[in-house]
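See below for my_file-v1.txt, which holds compact mmCIF, C-alpha atoms and all ligand atoms.
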```txt
# COMPACT_ATOMS: atom_id res chain seq x y z
CA MET O 1 91.43 114.70 106.39
CA ASP O 2 93.48 111.50 106.07
CA ARG O 3 96.56 111.78 103.87
CA VAL O 4 99.20 109.47 102.42
CA LEU O 5 102.87 110.14 101.60
CA GLY O 6 104.90 108.39 98.92
CA ILE O 7 108.67 108.85 99.18
CA ASP O 8 110.97 108.04 96.27
CA ILE O 9 114.49 107.69 97.70
CA GLY O 10 117.31 108.61 95.33
CA GLY O 11 121.06 108.93 95.81
CA THR O 12 121.16 112.67 96.47
CA SER O 13 117.57 113.64 97.18
CA ILE O 14 114.12 112.28 97.89
CA LYS O 15 110.95 113.09 96.00
CA VAL O 16 107.80 113.17 98.10
CA GLY O 17 104.21 112.99 96.90
CA LEU O 18 101.28 114.02 99.08
CA PHE O 19 98.23 111.92 98.18
CA SER O 20 94.60 111.64 99.19
CA THR O 21 93.49 108.15 100.25
CA GLU O 22 91.75 107.90 96.84
CA GLY O 23 95.07 108.32 95.03
CA THR O 24 94.92 111.96 93.94
CA LEU O 25 98.39 113.51 93.91
CA ASP O 26 97.92 116.87 95.67
CA ALA O 27 101.52 118.10 95.86
CA VAL O 28 105.11 117.04 95.18
CA THR O 29 108.34 118.26 96.71
CA LYS O 30 112.00 117.39 96.39
CA ILE O 31 114.22 117.33 99.49
CA PRO O 32 118.02 117.27 99.06
CA THR O 33 119.41 114.66 101.42
CA GLY O 34 122.73 113.02 100.61
CA GLU O 35 123.45 110.00 102.81
CA ILE O 36 120.52 109.11 105.08
CA VAL O 37 122.35 107.42 107.94
CA SER O 38 122.40 109.91 110.86
CA GLU O 39 119.83 111.54 113.17
CA ALA O 40 120.65 114.88 111.52
CA ALA O 41 119.88 113.43 108.08
CA PHE O 42 116.66 111.79 109.35
CA ALA O 43 115.59 115.21 110.70
CA VAL O 44 116.12 116.78 107.26
CA VAL O 45 113.67 114.21 105.88
CA THR O 46 111.03 114.55 108.62
CA ASN O 47 111.23 118.38 108.59
CA GLY O 48 110.75 118.33 104.83
CA LEU O 49 107.71 116.08 105.16
CA LYS O 50 106.19 118.33 107.83
CA ALA O 51 106.80 121.42 105.69
CA LEU O 52 105.03 119.81 102.74
CA LEU O 53 102.00 119.06 104.91
CA ARG O 54 101.95 122.57 106.41
CA GLU O 55 102.06 124.17 102.96
CA ASN O 56 99.05 122.08 101.96
CA GLY O 57 96.92 122.73 105.03
CA GLY O 58 97.76 119.49 106.83
CA GLU O 59 99.60 118.27 109.91
CA PRO O 60 101.51 115.10 110.86
CA ASP O 61 98.45 113.53 112.54
CA ASP O 62 96.60 113.54 109.20
CA VAL O 63 99.07 111.06 107.73
CA ILE O 64 97.86 107.46 107.98
CA ALA O 65 100.36 105.80 105.62
CA ILE O 66 103.89 106.49 104.40
CA GLY O 67 105.54 104.43 101.68
CA LEU O 68 109.25 104.54 100.84
CA ASP O 69 110.69 103.01 97.72
CA VAL O 70 114.31 101.90 97.77
CA PRO O 71 116.64 100.76 94.97
CA GLY O 72 117.21 97.28 96.38
CA PRO O 73 115.51 94.10 97.55
CA VAL O 74 112.62 94.17 100.02
CA ASP O 75 111.10 90.84 101.06
CA ASP O 76 107.43 89.98 101.61
CA ASP O 77 107.70 91.10 105.26
CA GLY O 78 108.98 94.54 104.25
CA GLU O 79 112.56 93.92 105.39
CA VAL O 80 115.10 95.86 103.31
CA GLY O 81 118.07 93.83 102.05
CA MET O 82 121.48 94.97 100.81
CA LEU O 83 121.40 98.40 99.16
CA ALA O 84 124.27 98.60 96.70
CA ASN O 85 123.82 102.09 95.24
CA ILE O 86 122.63 104.20 98.14
CA GLU O 87 123.63 105.13 101.72
CA LEU O 88 120.51 104.58 103.79
CA ASP O 89 119.80 103.23 107.28
CA PRO O 90 116.22 101.99 106.81
CA ASP O 91 115.58 101.10 110.47
CA GLY O 92 116.87 104.44 111.72
CA LEU O 93 114.84 106.39 109.18
CA LYS O 94 111.73 104.36 109.96
CA ALA O 95 112.03 105.05 113.71
CA ALA O 96 112.60 108.78 113.10
CA ILE O 97 109.57 109.07 110.79
CA LEU O 98 107.28 107.16 113.14
CA ARG O 99 108.24 109.45 116.03
CA GLU O 100 106.95 112.44 114.03
CA PHE O 101 104.03 110.66 112.34
CA PRO O 102 102.62 108.37 115.04
CA ARG O 103 99.38 107.49 113.18
CA ALA O 104 101.15 106.33 110.03
CA ASN O 105 101.74 102.82 108.79
CA LEU O 106 105.17 102.74 107.16
CA ALA O 107 106.18 100.41 104.35
CA PHE O 108 109.37 99.93 102.33
CA VAL O 109 108.96 98.73 98.75
CA ASN O 110 111.55 97.88 96.09
CA ASP O 111 111.51 100.66 93.46
CA ALA O 112 110.55 98.53 90.46
CA ASN O 113 107.88 96.74 92.50
CA ALA O 114 106.63 100.14 93.67
CA ALA O 115 106.37 101.32 90.06
CA ALA O 116 104.20 98.27 89.29
CA LEU O 117 101.93 99.03 92.24
CA GLY O 118 101.69 102.66 91.12
CA GLU O 119 100.50 101.58 87.68
CA LEU O 120 97.99 99.28 89.40
CA TRP O 121 96.65 102.08 91.62
CA GLN O 122 96.44 105.00 89.17
CA GLY O 123 98.15 104.01 85.90
CA THR O 124 97.70 101.80 82.82
CA ALA O 125 97.18 98.66 84.94
CA LYS O 126 94.28 100.11 86.95
CA GLY O 127 91.74 97.32 87.37
CA SER O 128 94.12 94.57 86.14
CA LYS O 129 94.29 91.39 88.16
CA SER O 130 97.63 90.29 86.81
CA PHE O 131 100.37 92.13 85.00
CA VAL O 132 104.12 92.46 84.82
CA LEU O 133 105.85 95.83 84.67
CA ILE O 134 109.22 95.86 82.96
CA ALA O 135 111.12 99.04 83.81
CA ILE O 136 113.91 99.65 81.32
CA GLY O 137 116.43 102.29 82.32
CA THR O 138 120.10 102.08 83.24
CA GLY O 139 119.20 98.53 84.29
CA VAL O 140 116.10 96.38 83.78
CA GLY O 141 113.77 96.10 86.76
CA GLY O 142 110.43 94.41 87.12
CA GLY O 143 107.32 94.14 89.20
CA VAL O 144 104.99 91.16 89.12
CA VAL O 145 101.35 91.47 90.21
CA ALA O 146 99.28 88.28 90.40
CA ASN O 147 95.69 88.17 91.65
CA GLY O 148 96.01 91.86 92.51
CA LYS O 149 99.02 91.23 94.78
CA LEU O 150 102.68 92.06 94.35
CA ILE O 151 105.00 89.06 94.30
CA SER O 152 108.16 90.32 96.00
CA GLY O 153 109.37 86.86 96.93
CA ALA O 154 110.64 84.96 99.95
CA PHE O 155 114.07 86.57 99.57
CA GLY O 156 113.06 89.83 97.90
CA ALA O 157 114.24 88.71 94.46
CA GLY O 158 110.75 88.34 92.94
CA GLY O 159 110.48 90.40 89.76
CA GLU O 160 114.25 90.58 89.12
CA ILE O 161 113.47 90.31 85.42
CA GLY O 162 116.71 91.98 84.37
CA HIS O 163 118.61 88.96 85.65
CA ILE O 164 116.76 86.27 83.75
CA THR O 165 119.45 84.43 81.78
CA VAL O 166 118.75 84.84 78.07
CA ASN O 167 122.17 83.93 76.65
CA ARG O 168 124.12 81.02 78.13
CA ASP O 169 127.09 81.68 75.81
CA GLU O 170 127.80 85.24 76.98
CA THR O 171 131.38 85.81 78.18
CA GLU O 172 130.93 89.34 79.58
CA SER O 173 129.69 89.65 83.18
CA CYS O 174 126.48 91.36 84.27
CA GLY O 175 126.44 93.72 87.28
CA CYS O 176 125.09 90.81 89.35
CA GLY O 177 128.24 88.77 88.63
CA ARG O 178 126.51 86.25 86.34
CA LYS O 179 126.70 86.12 82.55
CA GLY O 180 124.04 86.49 79.86
CA CYS O 181 121.37 88.39 81.84
CA LEU O 182 118.56 90.22 79.99
CA GLU O 183 119.89 93.49 81.42
CA GLN O 184 123.08 93.06 79.38
CA TYR O 185 121.08 93.44 76.14
CA ALA O 186 117.83 95.26 76.90
CA SER O 187 118.89 98.01 79.35
CA ALA O 188 119.86 101.47 78.08
CA LYS O 189 123.49 100.47 78.52
CA GLY O 190 122.86 97.18 76.73
CA ILE O 191 121.24 98.92 73.76
CA VAL O 192 124.15 101.37 73.49
CA ASN O 193 126.65 98.48 73.64
CA GLY O 194 124.65 96.59 71.02
CA TYR O 195 124.62 99.67 68.79
CA LYS O 196 128.39 100.14 69.02
CA ALA O 197 128.96 96.47 68.24
CA ALA O 198 126.62 96.67 65.23
CA CYS O 199 128.42 99.77 63.93
CA GLU O 200 131.72 97.93 64.11
CA GLU O 201 130.31 94.89 62.39
CA LEU O 202 128.72 96.95 59.61
CA GLY O 203 131.77 99.21 59.34
CA VAL O 204 129.77 102.41 59.89
CA THR O 205 130.51 105.41 62.10
CA PRO O 206 128.22 105.63 65.16
CA VAL O 207 126.07 108.73 65.63
CA GLN O 208 127.18 111.14 68.38
CA LEU O 209 126.18 109.61 71.75
CA ASP O 210 125.70 111.59 74.94
CA GLY O 211 127.11 109.03 77.41
CA PRO O 212 126.83 105.25 77.89
CA THR O 213 123.02 105.19 78.29
CA ASP O 214 121.93 107.57 75.50
CA THR O 215 119.26 105.47 73.82
CA LEU O 216 117.42 108.59 72.63
CA SER O 217 120.10 109.27 69.99
CA ILE O 218 119.92 105.62 68.87
CA PHE O 219 116.12 105.75 68.61
CA ASN O 220 116.42 108.96 66.58
CA ALA O 221 119.03 107.32 64.34
CA HIS O 222 116.65 104.36 63.85
CA ARG O 223 113.89 106.75 62.77
CA ALA O 224 116.33 108.29 60.28
CA GLY O 225 117.08 104.87 58.77
CA ASP O 226 120.38 104.02 60.55
CA LYS O 227 121.01 100.30 59.91
CA ALA O 228 123.15 99.70 63.02
CA ALA O 229 120.46 101.28 65.22
CA LYS O 230 117.92 98.90 63.71
CA VAL O 231 120.18 95.91 64.47
CA ALA O 232 120.60 97.04 68.11
CA ILE O 233 116.88 97.62 68.65
CA ASP O 234 115.94 94.34 66.93
CA LYS O 235 118.33 92.54 69.25
CA MET O 236 116.89 94.25 72.31
CA CYS O 237 113.35 93.27 71.23
CA ASP O 238 114.41 89.70 70.53
CA TYR O 239 115.98 89.19 73.97
CA LEU O 240 113.18 91.03 75.76
CA GLY O 241 110.45 89.12 73.92
CA TYR O 242 112.26 85.87 74.70
CA ALA O 243 112.44 86.71 78.43
CA MET O 244 108.76 87.73 78.46
CA ALA O 245 107.82 84.38 76.93
CA GLN O 246 109.57 82.64 79.86
CA ILE O 247 107.78 84.90 82.36
CA SER O 248 104.44 84.02 80.74
CA ALA O 249 105.15 80.32 81.27
CA VAL O 250 105.29 81.02 85.02
CA VAL O 251 102.78 83.80 85.77
CA ASP O 252 100.82 84.14 82.48
CA PRO O 253 99.87 87.83 83.04
CA GLN O 254 97.02 89.65 81.27
CA VAL O 255 99.27 92.58 80.39
CA TYR O 256 102.94 93.58 80.13
CA LEU O 257 103.72 97.22 80.82
CA ILE O 258 106.93 98.69 79.49
CA GLY O 259 108.19 101.62 81.60
CA GLY O 260 111.41 103.36 82.61
CA GLY O 261 113.43 105.78 80.48
CA VAL O 262 113.67 103.42 77.49
CA GLY O 263 109.90 102.91 77.83
CA GLY O 264 109.61 106.44 76.40
CA GLY O 265 110.59 105.07 72.97
CA PHE O 266 107.90 102.37 73.17
CA LYS O 267 106.04 103.37 69.99
CA LEU O 268 109.19 102.92 67.95
CA TYR O 269 109.78 99.27 68.88
CA SER O 270 106.38 98.08 70.18
CA GLU O 271 105.47 96.08 67.06
CA ASP O 272 108.89 94.40 66.90
CA LEU O 273 108.62 93.51 70.58
CA ARG O 274 105.12 92.05 70.12
CA THR O 275 106.37 89.99 67.18
CA ALA O 276 109.38 88.69 69.14
CA TYR O 277 107.22 87.81 72.14
CA ARG O 278 104.72 85.87 70.01
CA LYS O 279 107.54 84.03 68.28
CA TYR O 280 108.69 82.51 71.60
CA CYS O 281 105.62 82.27 73.86
CA LEU O 282 103.35 79.29 74.46
CA ALA O 283 100.19 79.47 72.32
CA PRO O 284 97.71 80.23 75.15
CA SER O 285 99.73 83.34 76.15
CA ALA O 286 99.95 84.78 72.62
CA SER O 287 97.17 87.32 73.20
CA THR O 288 98.83 88.93 76.22
CA ARG O 289 98.78 92.68 75.65
CA ILE O 290 101.99 94.72 75.68
CA LEU O 291 101.40 98.37 76.60
CA PRO O 292 103.38 101.42 77.70
CA ALA O 293 103.32 102.35 81.39
CA SER O 294 101.67 105.70 82.04
CA LEU O 295 102.96 107.30 85.26
CA GLY O 296 106.57 107.81 84.16
CA ASN O 297 108.99 108.76 86.92
CA ASP O 298 106.18 109.20 89.43
CA ALA O 299 105.07 105.53 89.30
CA ALA O 300 107.21 104.37 92.24
CA MET O 301 106.06 107.27 94.39
CA TYR O 302 102.43 106.32 93.75
CA GLY O 303 103.13 102.64 94.36
CA CYS O 304 104.90 102.85 97.70
CA ALA O 305 102.15 105.16 98.98
CA PHE O 306 99.58 102.62 97.81
CA GLN O 307 101.41 99.73 99.51
CA ALA O 308 101.59 101.58 102.85
CA LEU O 309 97.90 102.51 102.53
CA SER O 310 96.87 98.92 101.67
CA GLU O 311 98.57 97.64 104.82
CA HIS O 312 97.00 100.34 106.98
ZN ZN G 1 122.54 89.91 86.04
```
Written as structure tokens, how would this file's structure read?
Ligand SMILES: [Zn+2]
Amino acid sequence: MDRVLGIDIGGTSIKVGLFSTEGTLDAVTKIPTGEIVSEAAFAVVTNGLKALLRENGGEPDDVIAIGLDVPGPVDDDGEVGMLANIELDPDGLKAAILREFPRANLAFVNDANAAALGELWQGTAKGSKSFVLIAIGTGVGGGVVANGKLISGAFGAGGEIGHITVNRDETESCGCGRKGCLEQYASAKGIVNGYKAACEELGVTPVQLDGPTDTLSIFNAHRAGDKAAKVAIDKMCDYLGYAMAQISAVVDPQVYLIGGGVGGGFKLYSEDLRTAYRKYCLAPSASTRILPASLGNDAAMYGCAFQALSEH
């Protein structure tokens, strides 16, 4: 039986999904890795993959496609660019995997792009021809699908929605070195910063926050009627809706999907976001739907598997 593997590469471990070619997730495992830059580390990965297959009645020759999602740019040819937050030798890992899985087609996919493909394969976007996934977590990532195809770009920067400039007057720098990026206002960190600023302005004491990305406490405060939380979330919706209106002027998608950790609070701010988007968008794009993504943290694992399978 032909099988597909989707590998979500994180900083300290990888999460692997074993899929059928139809997209059923049959099993998931987590393999602790650390830095993936040596033959010994590559062997930890390949042994883990083989163990997963064995436990599920398969063998390496069953695997026809293996997708790997990485937190960094990947261009249209599948070449991995600079990885800022992770120690990984993509060429070395690729060679090691292909030695053990000779039938497999292997593909690298940017993590946000992979999440978009996952939603296209088995999530909310199933059957959509064009949509944009906006993944809101520590940062803001994106994946753009047009005519059923992912737009990763000539230089791998396609879908870098978090770095659309939404405020030319900003004086603070974004992680990318520029100023006024969407990520500075609409990421988990951005929302927390916005909340603290609003508390100061309104002269109120902030609720207890569990770290610099704790949007859950802010959403809960908003539900309980906290005025500063409302200001922060309104601001996030305003900037995000503004950025989406610019995206619509370029790709005019059928649907926007909101995912990532902050996507979990979607119900709370969905109407405000729709209102902000309609305020700024061109009239023909006003009926674009804005929906929550549905695969959660597994989306990227689905999507990289799908990409590798599509190229097979
Ligand atoms: Zn930026």
Inset, instruction - With a distance cut-off of 9 Å and all atoms listed in the file, select the neighbouring residues of segment 202-211 of chain O, excluding the residue or stretch itself and same-chain residues fewer than 4 positions from it, and output the selection as a PyMOL selection string. - result: chain O and resi 192+195-198+215-218+221+226-229
Inset, instruction - Show which residues sit within 9 Å of Pro73 of chain O, as a VMD selection string. Count all atoms listed in the file, and ignore same-chain residues fewer than 2 positions away. - result: chain O and resid 70 to 71 75 79 to 83 109 to 111 152 155 to 158
Inset, instruction - Would you list the contacts of Cys174 of chain O as a PyMOL selection string, taking every protein, DNA or RNA residue within 9 Å and counting all atoms listed in the file, but skipping same-chain residues closer than 3 positions in sequence? - result: chain O and resi 163+177-181+183-184
Legend entry - Contacts of segment 12-26 of chain O within 10 Å, only C-alpha atoms, excl. fewer than 6 positions in-chain, as a PyMOL selection string: chain O and resi 1-6+32-36+45+48-49+52-53+56+63-69+86-87+118+121-122+298+301-303+305-306+309-310
I want to know what sits within 8 Å of Gly261 of chain O, based on only C-alpha atoms, with residues of the same chain fewer than 4 positions away left out; could you give that as a compact mmCIF listing (two decimals) with C-alpha atoms, keeping the file's coordinate frame?
```txt
# COMPACT_ATOMS: atom_id res chain seq x y z
CA ALA O 135 111.12 99.04 83.81
CA ILE O 136 113.91 99.65 81.32
CA GLY O 137 116.43 102.29 82.32
```
Legend entry - Coordinates-based distance that separates atom CA of Ala276 of chain O from atom CA of Ser173 of chain O (Å, one decimal): 24.7 Å
